[in-house]
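Working notes, structure below.
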Amino acid sequence: RKEDNSLPIPRLWIDDAIYHITNRGARKEPIFLNNIDKYRFLLILTEAHHKYQFKLHAYCLMNNHFHLLIQSATHSPSKIMQTILQRYSSYFNRTYQTQGHVFQDRFHAVHVDQENYFLNVSKYIHLNPVVAGMVAKPEDYQWSSYNSYIKNTQRSHPFIETTKTYACYQHNPREMYRKFVEK
């Protein structure tokens, strides 16, 4: 238990485990005011991926929060997220001439330890914009990794790790995953 004036309790991480990571804007305010902000976040995420070599299984950027499904064998999610959140906060405050916290608190992380749970978290992440009423179909939302899974074209996010998800299906994994998410 953390006392009000103490430092945060360090988190314990399992090497090579998968985590569903989320964070939202301070006071539930938007952290992405436009597509340029979302593009900047993805650029920072890409740079962090090159530096820390984690696997990104899924993501979705909403207006006031984001979801990441990540796995790292060599660096803790805390180190990865510290880099991403600090860089994005600096960008946001500089761009909008604001000060202070951009994010509500430390990021939230849930250990995803079972295959069935992994698929359901991925589905949940990809359906977020549909549930929020932003789009009718998950493939219509530009700011998630869903199209990296279902389209048979050059992926716009080449470091999205689809192998674990596809391995859950014996035949035609792209179409089976689509049916799973959109049913």
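Chain labels follow the order of the structure tokens: the first chain is A, the next B, and so on; residue numbering restarts at 1 in every chain, and ligands are counted from 1 in their shown order.
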Just the residues within 8 Å of region 28-40 of chain A, please, counting only C-alpha atoms, with nothing from its chain fewer than 2 positions along; format it as a PyMOL selection string. chain A and resi 24-26+42-44+61-65+88+92+102-104+143
Selection file, C-alpha atoms, as a short mmCIF file (atom, residue, chain, number, x, y, z; two decimals), in the first residue's frame:
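part36.cif written:
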```cif
data_model
loop_
_atom_site.label_atom_id
_atom_site.label_comp_id
_atom_site.auth_asym_id
_atom_site.auth_seq_id
_atom_site.Cartn_x
_atom_site.Cartn_y
_atom_site.Cartn_z
CA ARG A 24 -5.84 8.14 -20.28
CA GLY A 25 -5.61 11.89 -20.24
CA ALA A 26 -5.49 13.82 -16.99
CA LEU A 42 2.82 6.30 -33.34
CA LEU A 43 6.16 7.81 -34.36
CA ILE A 44 7.29 7.83 -30.71
CA LEU A 61 -5.44 5.26 -30.06
CA MET A 62 -8.69 6.82 -28.87
CA ASN A 63 -9.16 10.54 -28.22
CA ASN A 64 -8.58 10.48 -24.47
CA HIS A 65 -6.78 7.15 -23.97
CA TYR A 88 4.63 12.36 -25.89
CA PHE A 92 1.90 17.74 -26.28
CA VAL A 102 -0.88 15.09 -19.81
CA PHE A 103 -1.72 11.64 -18.45
CA GLN A 104 -3.99 10.87 -15.51
CA TRP A 143 -5.65 4.52 -35.54
#
```
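Contact shell of Ile80 (chain A) at 9 Å (only C-alpha atoms; same-chain neighbours under 5 positions omitted): Ala48, His49, Lys51, Tyr52, Phe54, His75 and Leu85 of chain A.
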All heavy atoms of the current selection, written as a tab-separated table (two decimals), in the first residue's frame:
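Final file, part_32.tsv:
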```tsv
chain	number	residue	atom	x	y	z
A	48	ALA	N	10.47	3.94	-29.89
A	48	ALA	CA	10.65	3.12	-28.68
A	48	ALA	C	10.80	1.64	-29.07
A	48	ALA	O	11.60	0.92	-28.47
A	48	ALA	CB	9.47	3.32	-27.74
A	49	HIS	N	10.05	1.21	-30.07
A	49	HIS	CA	10.16	-0.17	-30.54
A	49	HIS	C	11.56	-0.46	-31.06
A	49	HIS	O	12.14	-1.51	-30.77
A	49	HIS	CB	9.12	-0.45	-31.63
A	49	HIS	CG	9.23	-1.80	-32.22
A	49	HIS	ND1	9.88	-2.04	-33.40
A	49	HIS	CD2	8.77	-3.00	-31.78
A	49	HIS	CE1	9.82	-3.34	-33.67
A	49	HIS	NE2	9.16	-3.94	-32.70
A	51	LYS	N	14.29	1.03	-30.17
A	51	LYS	CA	15.23	1.11	-29.04
A	51	LYS	C	15.12	-0.10	-28.12
A	51	LYS	O	16.13	-0.64	-27.68
A	51	LYS	CB	14.97	2.39	-28.24
A	51	LYS	CG	15.92	2.60	-27.09
A	51	LYS	CD	15.68	3.94	-26.43
A	51	LYS	CE	16.69	4.17	-25.31
A	51	LYS	NZ	16.52	5.49	-24.70
A	52	TYR	N	13.91	-0.55	-27.82
A	52	TYR	CA	13.69	-1.58	-26.81
A	52	TYR	C	13.33	-2.96	-27.37
A	52	TYR	O	13.25	-3.92	-26.63
A	52	TYR	CB	12.62	-1.14	-25.81
A	52	TYR	CG	13.03	0.09	-25.05
A	52	TYR	CD1	12.35	1.29	-25.23
A	52	TYR	CD2	14.09	0.06	-24.15
A	52	TYR	CE1	12.73	2.43	-24.53
A	52	TYR	CE2	14.47	1.19	-23.45
A	52	TYR	CZ	13.78	2.38	-23.64
A	52	TYR	OH	14.15	3.49	-22.95
A	54	PHE	N	10.59	-4.51	-28.28
A	54	PHE	CA	9.45	-5.24	-27.73
A	54	PHE	C	8.53	-5.68	-28.87
A	54	PHE	O	8.63	-5.19	-29.99
A	54	PHE	CB	8.68	-4.39	-26.72
A	54	PHE	CG	8.17	-3.08	-27.28
A	54	PHE	CD1	6.93	-3.00	-27.90
A	54	PHE	CD2	8.93	-1.92	-27.17
A	54	PHE	CE1	6.46	-1.80	-28.41
A	54	PHE	CE2	8.46	-0.71	-27.68
A	54	PHE	CZ	7.23	-0.66	-28.30
A	75	HIS	N	13.46	-5.58	-21.74
A	75	HIS	CA	13.23	-4.33	-21.01
A	75	HIS	C	11.86	-4.37	-20.35
A	75	HIS	O	10.91	-4.90	-20.93
A	75	HIS	CB	13.30	-3.12	-21.96
A	75	HIS	CG	14.64	-2.94	-22.57
A	75	HIS	ND1	14.99	-3.51	-23.78
A	75	HIS	CD2	15.74	-2.27	-22.15
A	75	HIS	CE1	16.23	-3.19	-24.07
A	75	HIS	NE2	16.71	-2.45	-23.10
A	85	LEU	N	5.71	7.87	-22.73
A	85	LEU	CA	4.87	8.89	-22.07
A	85	LEU	C	5.61	10.20	-21.87
A	85	LEU	O	5.02	11.28	-22.06
A	85	LEU	CB	4.34	8.35	-20.74
A	85	LEU	CG	3.42	7.12	-20.86
A	85	LEU	CD1	3.01	6.64	-19.48
A	85	LEU	CD2	2.22	7.39	-21.74
```
Looking at only C-alpha atoms, which of A:Glu182, A:Leu69, A:Ile160, A:His50 is the one that sits closest to Ala136 (chain A)?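 The answer is A:Glu182, which sits nearest to Ala136 (chain A).
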Val181 (chain A): which residues within 8 Å, counting only C-alpha atoms, same-chain residues fewer than 4 positions away excluded, as a list in words? Lys123, His126, Leu127 and Tyr177 of chain A
Extract, using only C-alpha atoms, all DNA, RNA and protein residues at most 7 Å from Phe107 (chain A), discarding same-chain residues fewer than 2 positions from it, and format them as a PyMOL selection string. chain A and resi 21-23+105+109
Using backbone DSSP assignments, extract all strand (DSSP E) residues from region 13-173 of chain A; output them as a VMD selection string. chain A and resid 18 to 24 55 to 61 65 to 71 108 to 112
Can you write out the residues you just picked, keeping N, CA and C atoms, as a PDB file, in the first residue's frame?
```pdb
ATOM      1  N   ILE A  18       3.143 -10.916 -21.682  1.00  0.00           N
ATOM      2  CA  ILE A  18       2.340  -9.979 -22.469  1.00  0.00           C
ATOM      3  C   ILE A  18       1.494  -9.157 -21.506  1.00  0.00           C
ATOM      4  N   TYR A  19       1.420  -7.852 -21.770  1.00  0.00           N
ATOM      5  CA  TYR A  19       0.660  -6.936 -20.919  1.00  0.00           C
ATOM      6  C   TYR A  19      -0.268  -6.067 -21.758  1.00  0.00           C
ATOM      7  N   HIS A  20      -1.479  -5.889 -21.260  1.00  0.00           N
ATOM      8  CA  HIS A  20      -2.420  -4.926 -21.830  1.00  0.00           C
ATOM      9  C   HIS A  20      -2.199  -3.631 -21.066  1.00  0.00           C
ATOM     10  N   ILE A  21      -1.671  -2.646 -21.759  1.00  0.00           N
ATOM     11  CA  ILE A  21      -1.312  -1.370 -21.142  1.00  0.00           C
ATOM     12  C   ILE A  21      -2.260  -0.291 -21.636  1.00  0.00           C
ATOM     13  N   THR A  22      -2.764   0.489 -20.695  1.00  0.00           N
ATOM     14  CA  THR A  22      -3.646   1.603 -21.025  1.00  0.00           C
ATOM     15  C   THR A  22      -3.238   2.828 -20.230  1.00  0.00           C
ATOM     16  N   ASN A  23      -3.592   3.970 -20.755  1.00  0.00           N
ATOM     17  CA  ASN A  23      -3.471   5.221 -20.016  1.00  0.00           C
ATOM     18  C   ASN A  23      -4.432   6.210 -20.637  1.00  0.00           C
ATOM     19  N   ARG A  24      -4.890   7.138 -19.803  1.00  0.00           N
ATOM     20  CA  ARG A  24      -5.842   8.139 -20.280  1.00  0.00           C
ATOM     21  C   ARG A  24      -5.354   9.516 -19.902  1.00  0.00           C
ATOM     22  N   LYS A  55       7.645  -6.610 -28.581  1.00  0.00           N
ATOM     23  CA  LYS A  55       6.642  -7.038 -29.556  1.00  0.00           C
ATOM     24  C   LYS A  55       5.359  -6.261 -29.273  1.00  0.00           C
ATOM     25  N   LEU A  56       4.791  -5.699 -30.308  1.00  0.00           N
ATOM     26  CA  LEU A  56       3.518  -4.990 -30.204  1.00  0.00           C
ATOM     27  C   LEU A  56       2.479  -5.847 -30.907  1.00  0.00           C
ATOM     28  N   HIS A  57       1.592  -6.456 -30.130  1.00  0.00           N
ATOM     29  CA  HIS A  57       0.581  -7.354 -30.685  1.00  0.00           C
ATOM     30  C   HIS A  57      -0.667  -6.602 -31.147  1.00  0.00           C
ATOM     31  N   ALA A  58      -0.974  -5.481 -30.511  1.00  0.00           N
ATOM     32  CA  ALA A  58      -2.158  -4.692 -30.896  1.00  0.00           C
ATOM     33  C   ALA A  58      -2.056  -3.316 -30.263  1.00  0.00           C
ATOM     34  N   TYR A  59      -2.726  -2.350 -30.897  1.00  0.00           N
ATOM     35  CA  TYR A  59      -2.843  -1.022 -30.302  1.00  0.00           C
ATOM     36  C   TYR A  59      -4.113  -0.361 -30.811  1.00  0.00           C
ATOM     37  N   CYS A  60      -4.551   0.638 -30.070  1.00  0.00           N
ATOM     38  CA  CYS A  60      -5.641   1.499 -30.515  1.00  0.00           C
ATOM     39  C   CYS A  60      -5.483   2.849 -29.816  1.00  0.00           C
ATOM     40  N   LEU A  61      -5.513   3.904 -30.596  1.00  0.00           N
ATOM     41  CA  LEU A  61      -5.439   5.262 -30.058  1.00  0.00           C
ATOM     42  C   LEU A  61      -6.826   5.882 -30.118  1.00  0.00           C
ATOM     43  N   HIS A  65      -7.551   8.256 -24.534  1.00  0.00           N
ATOM     44  CA  HIS A  65      -6.777   7.153 -23.970  1.00  0.00           C
ATOM     45  C   HIS A  65      -6.194   6.291 -25.092  1.00  0.00           C
ATOM     46  N   PHE A  66      -5.342   5.362 -24.690  1.00  0.00           N
ATOM     47  CA  PHE A  66      -4.781   4.417 -25.656  1.00  0.00           C
ATOM     48  C   PHE A  66      -4.699   3.033 -25.027  1.00  0.00           C
ATOM     49  N   HIS A  67      -4.577   2.038 -25.906  1.00  0.00           N
ATOM     50  CA  HIS A  67      -4.385   0.640 -25.518  1.00  0.00           C
ATOM     51  C   HIS A  67      -3.174   0.100 -26.269  1.00  0.00           C
ATOM     52  N   LEU A  68      -2.323  -0.639 -25.573  1.00  0.00           N
ATOM     53  CA  LEU A  68      -1.209  -1.342 -26.184  1.00  0.00           C
ATOM     54  C   LEU A  68      -1.194  -2.766 -25.652  1.00  0.00           C
ATOM     55  N   LEU A  69      -0.909  -3.718 -26.496  1.00  0.00           N
ATOM     56  CA  LEU A  69      -0.729  -5.102 -26.081  1.00  0.00           C
ATOM     57  C   LEU A  69       0.717  -5.450 -26.410  1.00  0.00           C
ATOM     58  N   ILE A  70       1.576  -5.401 -25.378  1.00  0.00           N
ATOM     59  CA  ILE A  70       3.016  -5.520 -25.634  1.00  0.00           C
ATOM     60  C   ILE A  70       3.637  -6.688 -24.876  1.00  0.00           C
ATOM     61  N   GLN A  71       4.795  -7.085 -25.399  1.00  0.00           N
ATOM     62  CA  GLN A  71       5.576  -8.177 -24.820  1.00  0.00           C
ATOM     63  C   GLN A  71       7.042  -7.795 -24.949  1.00  0.00           C
ATOM     64  N   HIS A 108      -1.731   1.847 -16.625  1.00  0.00           N
ATOM     65  CA  HIS A 108      -2.344   0.647 -16.056  1.00  0.00           C
ATOM     66  C   HIS A 108      -1.880  -0.548 -16.886  1.00  0.00           C
ATOM     67  N   ALA A 109      -1.498  -1.627 -16.231  1.00  0.00           N
ATOM     68  CA  ALA A 109      -1.027  -2.812 -16.944  1.00  0.00           C
ATOM     69  C   ALA A 109      -1.668  -4.062 -16.356  1.00  0.00           C
ATOM     70  N   VAL A 110      -2.169  -4.921 -17.235  1.00  0.00           N
ATOM     71  CA  VAL A 110      -2.752  -6.201 -16.838  1.00  0.00           C
ATOM     72  C   VAL A 110      -1.979  -7.310 -17.545  1.00  0.00           C
ATOM     73  N   HIS A 111      -1.518  -8.267 -16.767  1.00  0.00           N
ATOM     74  CA  HIS A 111      -0.789  -9.404 -17.320  1.00  0.00           C
ATOM     75  C   HIS A 111      -1.768 -10.296 -18.090  1.00  0.00           C
ATOM     76  N   VAL A 112      -1.454 -10.566 -19.333  1.00  0.00           N
ATOM     77  CA  VAL A 112      -2.287 -11.409 -20.200  1.00  0.00           C
ATOM     78  C   VAL A 112      -1.591 -12.764 -20.266  1.00  0.00           C
TER      79      VAL A 112
END
```
Which residue is closest to Lys137 (chain A)? Choose from A:Lys79, A:Lys183, A:Arg174, A:Trp13 and count only C-alpha atoms.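 Answer, going by the shortest atom-to-atom distance: A:Lys183.
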Taking the backbone alone, and naming residues the way the document does, which bits of region 27-91 of chain A are helix (DSSP H, G or I) by DSSP, as a count of residues only? 35
Please indicate the distance in Å from CA of Ser76 (chain A) to CA of Tyr141 (chain A), rounded to one decimal place.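 Straight-line distance from CA of Ser76 (chain A) to CA of Tyr141 (chain A) works out to 29.5 Å.
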Record the distance separating CA of Ser72 (chain A) and CA of Ser89 (chain A), expressed in Å with one decimal.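 Rounded to one decimal, the two atoms are 22.8 Å apart.
With distances restricted to only C-alpha atoms, A:Ser145 is the closest residue to Pro158 (chain A) from A:Gln170, A:Met81, A:His101, A:Ser145.
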From the options A:Tyr96, A:Leu119, A:Val130, A:Gln142, which residue's atoms come nearest to Met176 (chain A), counting only C-alpha atoms?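 Nearest candidate to Met176 (chain A) out of A:Tyr96, A:Leu119, A:Val130, A:Gln142: A:Leu119.
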